[in-house]
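Chemist: See target_35.cif below, with mmCIF, C-alpha atoms.
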```cif
data_query
#
loop_
_atom_site.group_PDB
_atom_site.id
_atom_site.type_symbol
_atom_site.label_atom_id
_atom_site.label_comp_id
_atom_site.auth_asym_id
_atom_site.auth_seq_id
_atom_site.Cartn_x
_atom_site.Cartn_y
_atom_site.Cartn_z
ATOM 1 C CA MET A 20 6.538 -32.964 -28.249
ATOM 2 C CA SER A 21 4.039 -35.196 -26.498
ATOM 3 C CA GLY A 22 1.721 -38.118 -26.986
ATOM 4 C CA THR A 23 0.299 -41.368 -25.700
ATOM 5 C CA VAL A 24 1.339 -44.874 -26.692
ATOM 6 C CA TYR A 25 -1.208 -47.683 -26.622
ATOM 7 C CA ALA A 26 -0.792 -51.450 -26.880
ATOM 8 C CA THR A 27 -3.250 -51.972 -29.734
ATOM 9 C CA ILE A 28 -5.274 -49.941 -32.172
ATOM 10 C CA ASP A 29 -8.381 -49.883 -29.988
ATOM 11 C CA GLY A 30 -6.563 -47.434 -27.753
ATOM 12 C CA THR A 31 -7.739 -48.898 -24.476
ATOM 13 C CA GLN A 32 -4.490 -50.047 -22.868
ATOM 14 C CA PRO A 33 -1.705 -47.499 -22.440
ATOM 15 C CA VAL A 34 1.862 -48.817 -22.462
ATOM 16 C CA SER A 35 4.346 -47.727 -19.847
ATOM 17 C CA GLY A 36 8.077 -47.951 -20.423
ATOM 18 C CA ALA A 37 7.915 -47.555 -24.203
ATOM 19 C CA ARG A 38 10.892 -45.666 -25.599
ATOM 20 C CA VAL A 39 9.969 -42.924 -28.032
ATOM 21 C CA SER A 40 12.928 -41.985 -30.191
ATOM 22 C CA MET A 41 12.739 -38.730 -32.148
ATOM 23 C CA THR A 42 15.352 -37.638 -34.661
ATOM 24 C CA ASP A 43 15.196 -34.124 -36.067
ATOM 25 C CA ALA A 44 16.354 -32.559 -39.338
ATOM 26 C CA ARG A 45 19.831 -31.980 -37.914
ATOM 27 C CA GLY A 46 20.187 -35.629 -37.018
ATOM 28 C CA ARG A 47 19.853 -34.997 -33.294
ATOM 29 C CA THR A 48 18.021 -37.761 -31.448
ATOM 30 C CA PHE A 49 16.083 -37.449 -28.218
ATOM 31 C CA VAL A 50 14.573 -40.430 -26.434
ATOM 32 C CA SER A 51 11.650 -40.144 -24.055
ATOM 33 C CA GLU A 52 9.953 -42.921 -22.082
ATOM 34 C CA THR A 53 6.245 -43.277 -21.497
ATOM 35 C CA ASN A 54 4.858 -43.141 -17.967
ATOM 36 C CA CYS A 55 2.174 -45.317 -16.394
ATOM 37 C CA ALA A 56 -0.496 -43.500 -18.391
ATOM 38 C CA GLY A 57 1.351 -44.207 -21.636
ATOM 39 C CA ASN A 58 2.220 -40.545 -21.935
ATOM 40 C CA PHE A 59 5.525 -39.030 -22.928
ATOM 41 C CA PHE A 60 6.420 -35.400 -23.279
ATOM 42 C CA VAL A 61 9.462 -33.322 -24.039
ATOM 43 C CA ARG A 62 9.505 -29.729 -22.893
ATOM 44 C CA PRO A 63 10.825 -27.159 -25.382
ATOM 45 C CA GLU A 64 13.477 -26.063 -22.895
ATOM 46 C CA THR A 65 14.718 -29.657 -22.822
ATOM 47 C CA TRP A 66 14.767 -30.329 -26.547
ATOM 48 C CA ARG A 67 13.589 -28.082 -29.345
ATOM 49 C CA PRO A 68 13.741 -30.127 -32.542
ATOM 50 C CA GLU A 69 14.174 -28.769 -36.008
ATOM 51 C CA PHE A 70 11.429 -30.227 -38.175
ATOM 52 C CA PRO A 71 10.926 -32.610 -39.873
ATOM 53 C CA VAL A 72 11.209 -35.172 -37.108
ATOM 54 C CA LYS A 73 11.298 -38.933 -37.654
ATOM 55 C CA THR A 74 9.965 -41.131 -34.898
ATOM 56 C CA LYS A 75 10.129 -44.714 -33.756
ATOM 57 C CA ILE A 76 8.792 -46.428 -30.666
ATOM 58 C CA THR A 77 10.333 -49.445 -28.987
ATOM 59 C CA TRP A 78 9.123 -51.760 -26.263
ATOM 60 C CA GLY A 79 11.254 -54.836 -25.688
ATOM 61 C CA THR A 80 12.009 -56.282 -29.105
ATOM 62 C CA GLN A 81 9.025 -54.581 -30.748
ATOM 63 C CA THR A 82 9.787 -51.468 -32.758
ATOM 64 C CA ILE A 83 7.326 -49.387 -34.752
ATOM 65 C CA GLU A 84 8.592 -46.690 -37.050
ATOM 66 C CA MET A 85 6.311 -43.881 -38.168
ATOM 67 C CA GLU A 86 5.890 -44.026 -41.959
ATOM 68 C CA SER A 87 5.935 -40.284 -42.538
ATOM 69 C CA ALA A 88 7.824 -37.507 -40.844
ATOM 70 C CA ILE A 89 6.369 -34.928 -38.475
ATOM 71 C CA HIS A 90 6.644 -31.504 -40.062
ATOM 72 C CA ARG A 91 5.098 -29.077 -37.609
ATOM 73 C CA GLU A 92 2.816 -30.717 -35.063
ATOM 74 C CA GLY A 93 4.126 -31.371 -31.569
ATOM 75 C CA SER A 94 1.074 -33.275 -30.378
ATOM 76 C CA CYS A 95 0.670 -36.846 -31.619
ATOM 77 C CA ALA A 96 -3.069 -36.724 -30.960
ATOM 78 C CA ALA A 97 -3.551 -33.886 -33.433
ATOM 79 C CA CYS A 98 -3.254 -36.463 -36.225
ATOM 80 C CA HIS A 99 -3.602 -39.732 -34.314
ATOM 81 C CA GLU A 100 -7.184 -39.469 -33.162
ATOM 82 C CA LYS A 101 -8.616 -42.498 -31.425
ATOM 83 C CA GLY A 102 -11.045 -43.427 -34.177
ATOM 84 C CA LEU A 103 -9.979 -44.459 -37.650
ATOM 85 C CA SER A 104 -11.018 -42.041 -40.394
ATOM 86 C CA PRO A 105 -9.760 -40.680 -43.729
ATOM 87 C CA SER A 106 -7.719 -38.167 -41.748
ATOM 88 C CA SER A 107 -6.600 -40.344 -38.841
ATOM 89 C CA PRO A 108 -4.632 -43.586 -38.754
ATOM 90 C CA GLY A 109 -5.933 -44.207 -35.239
ATOM 91 C CA PRO A 110 -3.986 -43.952 -31.997
ATOM 92 C CA VAL A 111 -0.266 -44.575 -31.679
ATOM 93 C CA PHE A 112 -0.004 -48.279 -30.975
ATOM 94 C CA LEU A 113 2.655 -50.983 -30.870
ATOM 95 C CA TRP A 114 1.072 -54.335 -31.674
ATOM 96 C CA ASP A 115 -1.362 -55.495 -34.352
ATOM 97 C CA ASP A 116 -2.478 -58.376 -32.184
ATOM 98 C CA THR A 117 -2.420 -59.252 -28.505
ATOM 99 C CA PRO A 118 0.500 -57.583 -26.728
ATOM 100 C CA PRO A 119 3.062 -59.880 -25.068
ATOM 101 C CA ALA A 120 2.989 -60.665 -21.387
ATOM 102 C CA GLY A 121 4.653 -58.043 -19.270
ATOM 103 C CA VAL A 122 3.181 -55.051 -21.023
ATOM 104 C CA THR A 123 1.825 -52.781 -18.365
ATOM 105 C CA GLY A 124 -0.019 -49.534 -18.336
ATOM 106 C CA GLY A 125 -2.591 -47.727 -16.301
ATOM 107 C CA CYS A 126 -1.688 -45.788 -13.188
ATOM 108 C CA GLN A 127 -2.799 -47.111 -9.801
ATOM 109 C CA MET B 8 -52.117 7.252 -77.522
ATOM 110 C CA THR B 9 -50.133 6.114 -80.501
ATOM 111 C CA SER B 10 -48.462 2.733 -80.830
ATOM 112 C CA HIS B 11 -44.914 4.089 -81.050
ATOM 113 C CA MET B 12 -45.123 5.236 -77.417
ATOM 114 C CA HIS B 13 -45.753 1.750 -76.140
ATOM 115 C CA VAL B 14 -42.339 0.220 -75.232
ATOM 116 C CA SER B 15 -41.952 -3.498 -74.606
ATOM 117 C CA PRO B 16 -39.600 -6.287 -75.807
ATOM 118 C CA SER B 17 -42.232 -7.587 -78.132
ATOM 119 C CA ALA B 18 -42.656 -4.164 -79.593
ATOM 120 C CA ASP B 19 -39.049 -4.125 -80.816
ATOM 121 C CA PRO B 20 -37.961 -7.752 -81.270
ATOM 122 C CA TRP B 21 -34.688 -6.848 -83.009
ATOM 123 C CA LYS B 22 -33.546 -4.943 -79.949
ATOM 124 C CA SER B 23 -34.252 -7.968 -77.737
ATOM 125 C CA ILE B 24 -32.514 -10.363 -80.102
ATOM 126 C CA PHE B 25 -29.490 -8.098 -80.286
ATOM 127 C CA ALA B 26 -29.307 -7.836 -76.481
ATOM 128 C CA LEU B 27 -29.641 -11.584 -76.025
ATOM 129 C CA THR B 28 -26.987 -12.282 -78.652
ATOM 130 C CA ALA B 29 -24.586 -9.842 -77.052
ATOM 131 C CA LEU B 30 -25.172 -11.474 -73.674
ATOM 132 C CA LEU B 31 -24.512 -14.951 -75.022
ATOM 133 C CA LEU B 32 -21.392 -13.847 -76.841
ATOM 134 C CA GLY B 33 -20.141 -12.160 -73.716
ATOM 135 C CA CYS B 34 -20.647 -15.273 -71.636
ATOM 136 C CA SER B 35 -19.052 -17.574 -74.139
ATOM 137 C CA GLY B 36 -16.101 -15.204 -74.386
ATOM 138 C CA VAL B 37 -15.477 -15.493 -70.672
ATOM 139 C CA GLU B 38 -15.815 -19.268 -70.762
ATOM 140 C CA GLN B 39 -13.519 -19.555 -73.749
ATOM 141 C CA GLY B 40 -10.966 -17.414 -71.983
ATOM 142 C CA ARG B 41 -11.106 -19.665 -68.971
ATOM 143 C CA ASN B 42 -10.675 -22.768 -71.061
ATOM 144 C CA GLN B 43 -7.659 -21.276 -72.750
ATOM 145 C CA LEU B 44 -5.694 -21.133 -69.500
ATOM 146 C CA ALA B 45 -2.820 -23.541 -69.755
ATOM 147 C CA GLU B 46 -2.311 -26.168 -67.074
ATOM 148 C CA PRO B 47 0.624 -28.519 -66.538
ATOM 149 C CA ASP B 48 0.312 -32.062 -67.845
ATOM 150 C CA TYR B 49 -1.954 -34.144 -65.662
ATOM 151 C CA GLY B 50 -0.505 -37.346 -67.106
ATOM 152 C CA GLN B 51 2.827 -36.553 -65.442
ATOM 153 C CA PHE B 52 1.305 -35.445 -62.174
ATOM 154 C CA PRO B 53 1.257 -38.728 -60.212
ATOM 155 C CA LYS B 54 5.050 -38.958 -60.307
ATOM 156 C CA VAL B 55 5.281 -35.318 -59.207
ATOM 157 C CA ALA B 56 2.825 -35.922 -56.396
ATOM 158 C CA ASP B 57 4.763 -38.983 -55.251
ATOM 159 C CA ALA B 58 7.961 -36.928 -55.246
ATOM 160 C CA ILE B 59 6.699 -34.036 -53.141
ATOM 161 C CA ALA B 60 4.134 -35.806 -50.955
ATOM 162 C CA PRO B 61 6.553 -36.829 -48.175
ATOM 163 C CA SER B 62 7.457 -33.158 -47.725
ATOM 164 C CA CYS B 63 4.021 -31.619 -48.218
ATOM 165 C CA ALA B 64 1.174 -34.066 -47.671
ATOM 166 C CA THR B 65 1.551 -35.272 -44.103
ATOM 167 C CA LEU B 66 -1.492 -35.031 -41.869
ATOM 168 C CA ASP B 67 -0.015 -32.112 -39.955
ATOM 169 C CA CYS B 68 0.548 -30.074 -43.145
ATOM 170 C CA HIS B 69 -1.398 -30.095 -46.409
ATOM 171 C CA GLY B 70 -3.034 -33.411 -45.596
ATOM 172 C CA GLN B 71 -5.864 -31.495 -43.986
ATOM 173 C CA ILE B 72 -9.231 -30.507 -45.443
ATOM 174 C CA GLY B 73 -8.791 -26.942 -44.216
ATOM 175 C CA ARG B 74 -5.855 -26.205 -46.499
ATOM 176 C CA ASN B 75 -6.295 -24.206 -49.703
ATOM 177 C CA PHE B 76 -3.776 -26.575 -51.215
ATOM 178 C CA ARG B 77 -5.259 -29.895 -50.165
ATOM 179 C CA PHE B 78 -3.001 -32.865 -50.787
ATOM 180 C CA TYR B 79 -4.310 -36.447 -50.765
ATOM 181 C CA TRP B 80 -1.782 -39.191 -50.198
ATOM 182 C CA SER B 81 -1.688 -42.866 -49.291
ATOM 183 C CA ARG B 82 0.092 -42.060 -46.021
ATOM 184 C CA GLY B 83 -1.945 -38.942 -45.324
ATOM 185 C CA LEU B 84 -5.437 -37.603 -45.976
ATOM 186 C CA ARG B 85 -7.640 -40.020 -47.925
ATOM 187 C CA LEU B 86 -10.449 -39.093 -50.278
ATOM 188 C CA ALA B 87 -12.768 -42.066 -49.861
ATOM 189 C CA SER B 88 -14.910 -42.111 -46.749
ATOM 190 C CA ASP B 89 -13.584 -45.569 -45.895
ATOM 191 C CA GLY B 90 -9.989 -44.665 -46.751
ATOM 192 C CA ARG B 91 -7.363 -44.795 -44.009
ATOM 193 C CA PRO B 92 -3.950 -43.108 -43.824
ATOM 194 C CA GLY B 93 -1.262 -45.718 -44.353
ATOM 195 C CA GLU B 94 -3.458 -48.221 -46.184
ATOM 196 C CA GLY B 95 -2.944 -49.043 -49.871
ATOM 197 C CA GLU B 96 -1.687 -46.724 -52.580
ATOM 198 C CA THR B 97 -2.674 -43.223 -53.579
ATOM 199 C CA THR B 98 -5.716 -43.640 -55.828
ATOM 200 C CA PRO B 99 -6.307 -42.059 -59.271
ATOM 201 C CA ASP B 100 -9.132 -39.973 -57.782
ATOM 202 C CA GLU B 101 -6.782 -38.725 -55.066
ATOM 203 C CA TYR B 102 -4.165 -37.694 -57.622
ATOM 204 C CA LEU B 103 -6.843 -35.891 -59.618
ATOM 205 C CA MET B 104 -8.249 -34.005 -56.632
ATOM 206 C CA THR B 105 -4.777 -32.940 -55.551
ATOM 207 C CA TYR B 106 -4.058 -31.788 -59.097
ATOM 208 C CA ARG B 107 -7.263 -29.732 -59.232
ATOM 209 C CA SER B 108 -6.385 -28.197 -55.895
ATOM 210 C CA LEU B 109 -2.894 -27.270 -57.079
ATOM 211 C CA VAL B 110 -3.831 -25.799 -60.466
ATOM 212 C CA GLY B 111 -6.638 -23.819 -58.865
ATOM 213 C CA LEU B 112 -4.348 -21.886 -56.548
ATOM 214 C CA GLU B 113 -3.125 -19.261 -59.027
ATOM 215 C CA PRO B 114 -4.609 -20.190 -62.412
ATOM 216 C CA TYR B 115 -3.589 -17.071 -64.336
ATOM 217 C CA LYS B 116 -0.039 -17.036 -63.056
ATOM 218 C CA LEU B 117 0.187 -20.775 -63.681
ATOM 219 C CA ASP B 118 -0.915 -20.183 -67.259
ATOM 220 C CA SER B 119 2.046 -17.859 -67.745
ATOM 221 C CA VAL B 120 4.451 -20.359 -66.196
ATOM 222 C CA VAL B 121 3.226 -23.239 -68.348
ATOM 223 C CA LYS B 122 3.487 -21.064 -71.449
ATOM 224 C CA GLY B 123 7.031 -20.112 -70.512
ATOM 225 C CA LYS B 124 6.289 -16.411 -70.062
ATOM 226 C CA VAL B 125 7.447 -16.289 -66.447
ATOM 227 C CA LYS B 126 9.555 -18.525 -64.229
ATOM 228 C CA ALA B 127 8.047 -21.128 -61.938
ATOM 229 C CA ASP B 128 9.283 -19.296 -58.857
ATOM 230 C CA SER B 129 6.676 -16.612 -59.482
ATOM 231 C CA LEU B 130 4.159 -19.133 -58.117
ATOM 232 C CA THR B 131 3.395 -19.028 -54.426
ATOM 233 C CA ILE B 132 3.533 -22.808 -54.162
ATOM 234 C CA VAL B 133 7.130 -22.835 -55.370
ATOM 235 C CA ARG B 134 8.230 -19.927 -53.204
ATOM 236 C CA LYS B 135 6.647 -21.407 -50.099
ATOM 237 C CA ALA B 136 7.991 -24.876 -50.802
ATOM 238 C CA ARG B 137 11.463 -23.420 -51.135
ATOM 239 C CA GLY B 138 11.110 -21.318 -48.014
ATOM 240 C CA VAL B 139 11.676 -18.133 -49.988
ATOM 241 C CA GLU B 140 8.280 -16.897 -48.815
ATOM 242 C CA ALA B 141 6.948 -17.277 -45.279
ATOM 243 C CA HIS B 142 5.593 -20.765 -44.777
ATOM 244 C CA LYS B 143 3.999 -21.962 -41.584
ATOM 245 C CA GLY B 144 5.357 -25.422 -42.067
ATOM 246 C CA THR B 145 9.013 -26.232 -42.157
ATOM 247 C CA ALA B 146 10.875 -23.554 -44.078
ATOM 248 C CA GLY B 147 12.443 -24.781 -47.276
ATOM 249 C CA GLN B 148 10.663 -28.104 -47.635
ATOM 250 C CA LEU B 149 12.062 -28.435 -51.099
ATOM 251 C CA ALA B 150 15.604 -27.125 -51.223
ATOM 252 C CA ILE B 151 16.331 -25.240 -54.424
ATOM 253 C CA GLY B 152 17.849 -27.640 -56.922
ATOM 254 C CA SER B 153 16.903 -30.757 -54.969
ATOM 255 C CA ASP B 154 15.319 -33.610 -56.883
ATOM 256 C CA ALA B 155 11.862 -32.859 -55.501
ATOM 257 C CA ASP B 156 12.219 -29.160 -56.326
ATOM 258 C CA ARG B 157 13.444 -29.911 -59.828
ATOM 259 C CA CYS B 158 10.625 -32.393 -60.342
ATOM 260 C CA LEU B 159 7.979 -29.826 -59.401
ATOM 261 C CA VAL B 160 9.478 -26.903 -61.274
ATOM 262 C CA THR B 161 10.132 -28.786 -64.511
ATOM 263 C CA TRP B 162 6.619 -30.211 -64.441
ATOM 264 C CA LEU B 163 5.147 -26.743 -64.021
ATOM 265 C CA ALA B 164 7.116 -25.671 -67.085
ATOM 266 C CA ASN B 165 5.848 -28.675 -69.078
ATOM 267 C CA ALA B 166 9.253 -30.344 -69.251
ATOM 268 C CA THR B 167 9.066 -32.893 -66.444
ATOM 269 C CA ASP B 168 12.391 -34.291 -65.277
ATOM 270 C CA SER B 169 11.158 -37.813 -64.621
ATOM 271 C CA ASP B 170 14.506 -39.002 -63.287
ATOM 272 C CA ALA B 171 14.475 -36.294 -60.631
ATOM 273 C CA CYS B 172 10.898 -37.196 -59.744
ATOM 274 C CA ASN B 173 11.730 -40.867 -59.395
ATOM 275 C CA ARG B 174 14.795 -40.147 -57.285
ATOM 276 C CA ALA B 175 12.795 -37.851 -55.011
ATOM 277 C CA ALA B 176 10.111 -40.508 -54.652
ATOM 278 C CA GLY B 177 12.733 -43.123 -53.859
ATOM 279 C CA LYS B 178 11.921 -45.182 -56.934
#
```
Let me see the file written as structure tokens.
Modeler:
Amino acid sequence: MSGTVYATIDGTQPVSGARVSMTDARGRTFVSETNCAGNFFVRPETWRPEFPVKTKITWGTQTIEMESAIHREGSCAACHEKGLSPSSPGPVFLWDDTPPAGVTGGCQ
Amino acid sequence: MTSHMHVSPSADPWKSIFALTALLLGCSGVEQGRNQLAEPDYGQFPKVADAIAPSCATLDCHGQIGRNFRFYWSRGLRLASDGRPGEGETTPDEYLMTYRSLVGLEPYKLDSVVKGKVKADSLTIVRKARGVEAHKGTAGQLAIGSDADRCLVTWLANATDSDACNRAAGK
């Protein structure tokens, strides 16, 4: 499982330190944290979920829960393309408006 | 040269009329046969779609234009060019297009199911949903006897269990 978390829907600012919580069909939960590029990934040898998987992302007090479950796709970007379209809700993002102070992202 | 050796449609109009009539009858027979195929009640379909969509219609499954069974849903693939996953409700046009996609999968077998000649589990869509037949998505999306399974199967047999559909849809 892997993906990138952005601050807002324009997908320009990655968010580091976001906690991505994934719960599989057996009720097992695995939490991964995004790096400076906003990326998170879970290797199959670390955690191999049984689909469907429900997901939520937390940064500080902000939590976004994915409306539908993941049934087979391990890559967020397969469905969450950057542009909005009839087949894409846009990138994975945390805030509808301006993110709060302290949100960082972008590797130096 | 005598006239009876000259062969053309105009020379024997009855032959041409007979051939044309036979052709038209043949075509209409095929069309009538097609129209006689039974399909499950479209009026009940939205509640069925709402019941099975969370298990079938996500963007990583049948919410993709490449699927033979293409499933439009408010939280998945949208029909309108300005539609967005997660915005608004599933539209009447989306329900209709999903319905057409579903009934077009195995029309002759579906006819037999709707008419009660064979059981619903003879349909590929039911077997795959139940995980009885290989399914690239999650095996057994709709557990046998679950509300969503019962909703789908009873609808296919023209005896929709609305309570099961509503429970499966969380209504």
Chemist: Take the PyMOL selection byres ((chain A) within 12 of (chain B)), run it mentally on this structure, and tell me the resulting residues as a ChimeraX atom specification.
Modeler: /A:43-44,68-73,85-100,102-110
Chemist: Please determine, counting all atoms listed in the file, which residue among A:Ile28, A:Ala120, A:Ile76, A:Leu113 has the shortest atom-to-atom distance to Ser40 in chain A.
Modeler: A:Ile76
Chemist: Taking every listed atom of range 109-128 of chain B and adding 5 Å to each side, what centre and edge lengths in Å (one decimal) does the axis-aligned box have, as JSON?
Modeler:
```
{"center_x": 1.5, "center_y": -21.8, "center_z": -64.0, "size_x": 26.2, "size_y": 21.0, "size_z": 24.9}
```
Chemist: Taking the file above as input, evaluate the PyMOL selection byres ((chain A and resi 56) around 9) and report the hits as a ChimeraX atom specification.
Modeler: /A:23-24,32-35,53-55,57-59,124-126
Chemist: Applied to this file, what does the PyMOL selection byres ((chain B and resi 174) around 10) return in terms of residues, put as an MDAnalysis selection string?
Modeler: chainID B and resid 58 153:155 158 169:173 175:178
Chemist: Kindly give the distance, in Å, that separates CA of Thr27 in chain A and CA of Thr48 in chain A, rounded to a single decimal.
Modeler: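 Spanning CA of Thr27 in chain A to CA of Thr48 in chain A is a straight-line distance of 25.6 Å.
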Chemist: Take range 66-89 of chain B, model N, CA and C atoms, and hand the result over as a PDB file, keeping the file's coordinate frame.
Modeler:
```
ATOM      1  N   LEU B  66      -0.231 -35.435 -42.497  1.00  0.00           N
ATOM      2  CA  LEU B  66      -1.492 -35.031 -41.869  1.00  0.00           C
ATOM      3  C   LEU B  66      -1.375 -33.725 -41.085  1.00  0.00           C
ATOM      4  N   ASP B  67      -0.165 -33.366 -40.701  1.00  0.00           N
ATOM      5  CA  ASP B  67      -0.015 -32.112 -39.955  1.00  0.00           C
ATOM      6  C   ASP B  67       0.290 -30.930 -40.886  1.00  0.00           C
ATOM      7  N   CYS B  68       0.282 -31.178 -42.194  1.00  0.00           N
ATOM      8  CA  CYS B  68       0.548 -30.074 -43.145  1.00  0.00           C
ATOM      9  C   CYS B  68      -0.607 -29.980 -44.146  1.00  0.00           C
ATOM     10  N   HIS B  69      -0.346 -30.259 -45.400  1.00  0.00           N
ATOM     11  CA  HIS B  69      -1.398 -30.095 -46.409  1.00  0.00           C
ATOM     12  C   HIS B  69      -2.307 -31.315 -46.516  1.00  0.00           C
ATOM     13  N   GLY B  70      -2.116 -32.285 -45.676  1.00  0.00           N
ATOM     14  CA  GLY B  70      -3.034 -33.411 -45.596  1.00  0.00           C
ATOM     15  C   GLY B  70      -4.186 -33.110 -44.665  1.00  0.00           C
ATOM     16  N   GLN B  71      -4.741 -31.929 -44.817  1.00  0.00           N
ATOM     17  CA  GLN B  71      -5.864 -31.495 -43.986  1.00  0.00           C
ATOM     18  C   GLN B  71      -6.899 -30.827 -44.884  1.00  0.00           C
ATOM     19  N   ILE B  72      -8.178 -31.045 -44.574  1.00  0.00           N
ATOM     20  CA  ILE B  72      -9.231 -30.507 -45.443  1.00  0.00           C
ATOM     21  C   ILE B  72      -9.314 -28.995 -45.365  1.00  0.00           C
ATOM     22  N   GLY B  73      -8.722 -28.395 -44.355  1.00  0.00           N
ATOM     23  CA  GLY B  73      -8.791 -26.942 -44.216  1.00  0.00           C
ATOM     24  C   GLY B  73      -7.779 -26.183 -45.059  1.00  0.00           C
ATOM     25  N   ARG B  74      -6.897 -26.883 -45.722  1.00  0.00           N
ATOM     26  CA  ARG B  74      -5.855 -26.205 -46.499  1.00  0.00           C
ATOM     27  C   ARG B  74      -6.377 -25.784 -47.880  1.00  0.00           C
ATOM     28  N   ASN B  75      -5.974 -24.600 -48.327  1.00  0.00           N
ATOM     29  CA  ASN B  75      -6.295 -24.206 -49.703  1.00  0.00           C
ATOM     30  C   ASN B  75      -5.668 -25.191 -50.675  1.00  0.00           C
ATOM     31  N   PHE B  76      -4.428 -25.530 -50.416  1.00  0.00           N
ATOM     32  CA  PHE B  76      -3.776 -26.575 -51.215  1.00  0.00           C
ATOM     33  C   PHE B  76      -3.934 -27.879 -50.448  1.00  0.00           C
ATOM     34  N   ARG B  77      -4.939 -28.641 -50.857  1.00  0.00           N
ATOM     35  CA  ARG B  77      -5.259 -29.895 -50.165  1.00  0.00           C
ATOM     36  C   ARG B  77      -4.597 -31.052 -50.916  1.00  0.00           C
ATOM     37  N   PHE B  78      -3.844 -31.849 -50.167  1.00  0.00           N
ATOM     38  CA  PHE B  78      -3.001 -32.865 -50.787  1.00  0.00           C
ATOM     39  C   PHE B  78      -3.388 -34.249 -50.256  1.00  0.00           C
ATOM     40  N   TYR B  79      -3.953 -35.071 -51.144  1.00  0.00           N
ATOM     41  CA  TYR B  79      -4.310 -36.447 -50.765  1.00  0.00           C
ATOM     42  C   TYR B  79      -3.117 -37.362 -51.028  1.00  0.00           C
ATOM     43  N   TRP B  80      -2.960 -38.319 -50.127  1.00  0.00           N
ATOM     44  CA  TRP B  80      -1.782 -39.191 -50.198  1.00  0.00           C
ATOM     45  C   TRP B  80      -2.075 -40.493 -49.469  1.00  0.00           C
ATOM     46  N   SER B  81      -1.434 -41.562 -49.920  1.00  0.00           N
ATOM     47  CA  SER B  81      -1.688 -42.866 -49.291  1.00  0.00           C
ATOM     48  C   SER B  81      -1.328 -42.873 -47.808  1.00  0.00           C
ATOM     49  N   ARG B  82      -0.329 -42.089 -47.429  1.00  0.00           N
ATOM     50  CA  ARG B  82       0.092 -42.060 -46.021  1.00  0.00           C
ATOM     51  C   ARG B  82      -0.467 -40.847 -45.284  1.00  0.00           C
ATOM     52  N   GLY B  83      -1.359 -40.123 -45.952  1.00  0.00           N
ATOM     53  CA  GLY B  83      -1.945 -38.942 -45.324  1.00  0.00           C
ATOM     54  C   GLY B  83      -3.448 -38.919 -45.488  1.00  0.00           C
ATOM     55  N   LEU B  84      -3.986 -37.767 -45.831  1.00  0.00           N
ATOM     56  CA  LEU B  84      -5.437 -37.603 -45.976  1.00  0.00           C
ATOM     57  C   LEU B  84      -5.963 -38.448 -47.132  1.00  0.00           C
ATOM     58  N   ARG B  85      -7.031 -39.188 -46.877  1.00  0.00           N
ATOM     59  CA  ARG B  85      -7.640 -40.020 -47.925  1.00  0.00           C
ATOM     60  C   ARG B  85      -8.932 -39.387 -48.419  1.00  0.00           C
ATOM     61  N   LEU B  86      -9.257 -39.671 -49.654  1.00  0.00           N
ATOM     62  CA  LEU B  86     -10.449 -39.093 -50.278  1.00  0.00           C
ATOM     63  C   LEU B  86     -11.704 -39.903 -49.980  1.00  0.00           C
ATOM     64  N   ALA B  87     -11.599 -41.212 -50.083  1.00  0.00           N
ATOM     65  CA  ALA B  87     -12.768 -42.066 -49.861  1.00  0.00           C
ATOM     66  C   ALA B  87     -13.155 -42.073 -48.384  1.00  0.00           C
ATOM     67  N   SER B  88     -14.447 -42.165 -48.135  1.00  0.00           N
ATOM     68  CA  SER B  88     -14.910 -42.111 -46.749  1.00  0.00           C
ATOM     69  C   SER B  88     -14.407 -43.299 -45.934  1.00  0.00           C
ATOM     70  N   ASP B  89     -14.113 -44.410 -46.615  1.00  0.00           N
ATOM     71  CA  ASP B  89     -13.584 -45.569 -45.895  1.00  0.00           C
ATOM     72  C   ASP B  89     -12.059 -45.683 -46.051  1.00  0.00           C
TER      73      ASP B  89
END
```
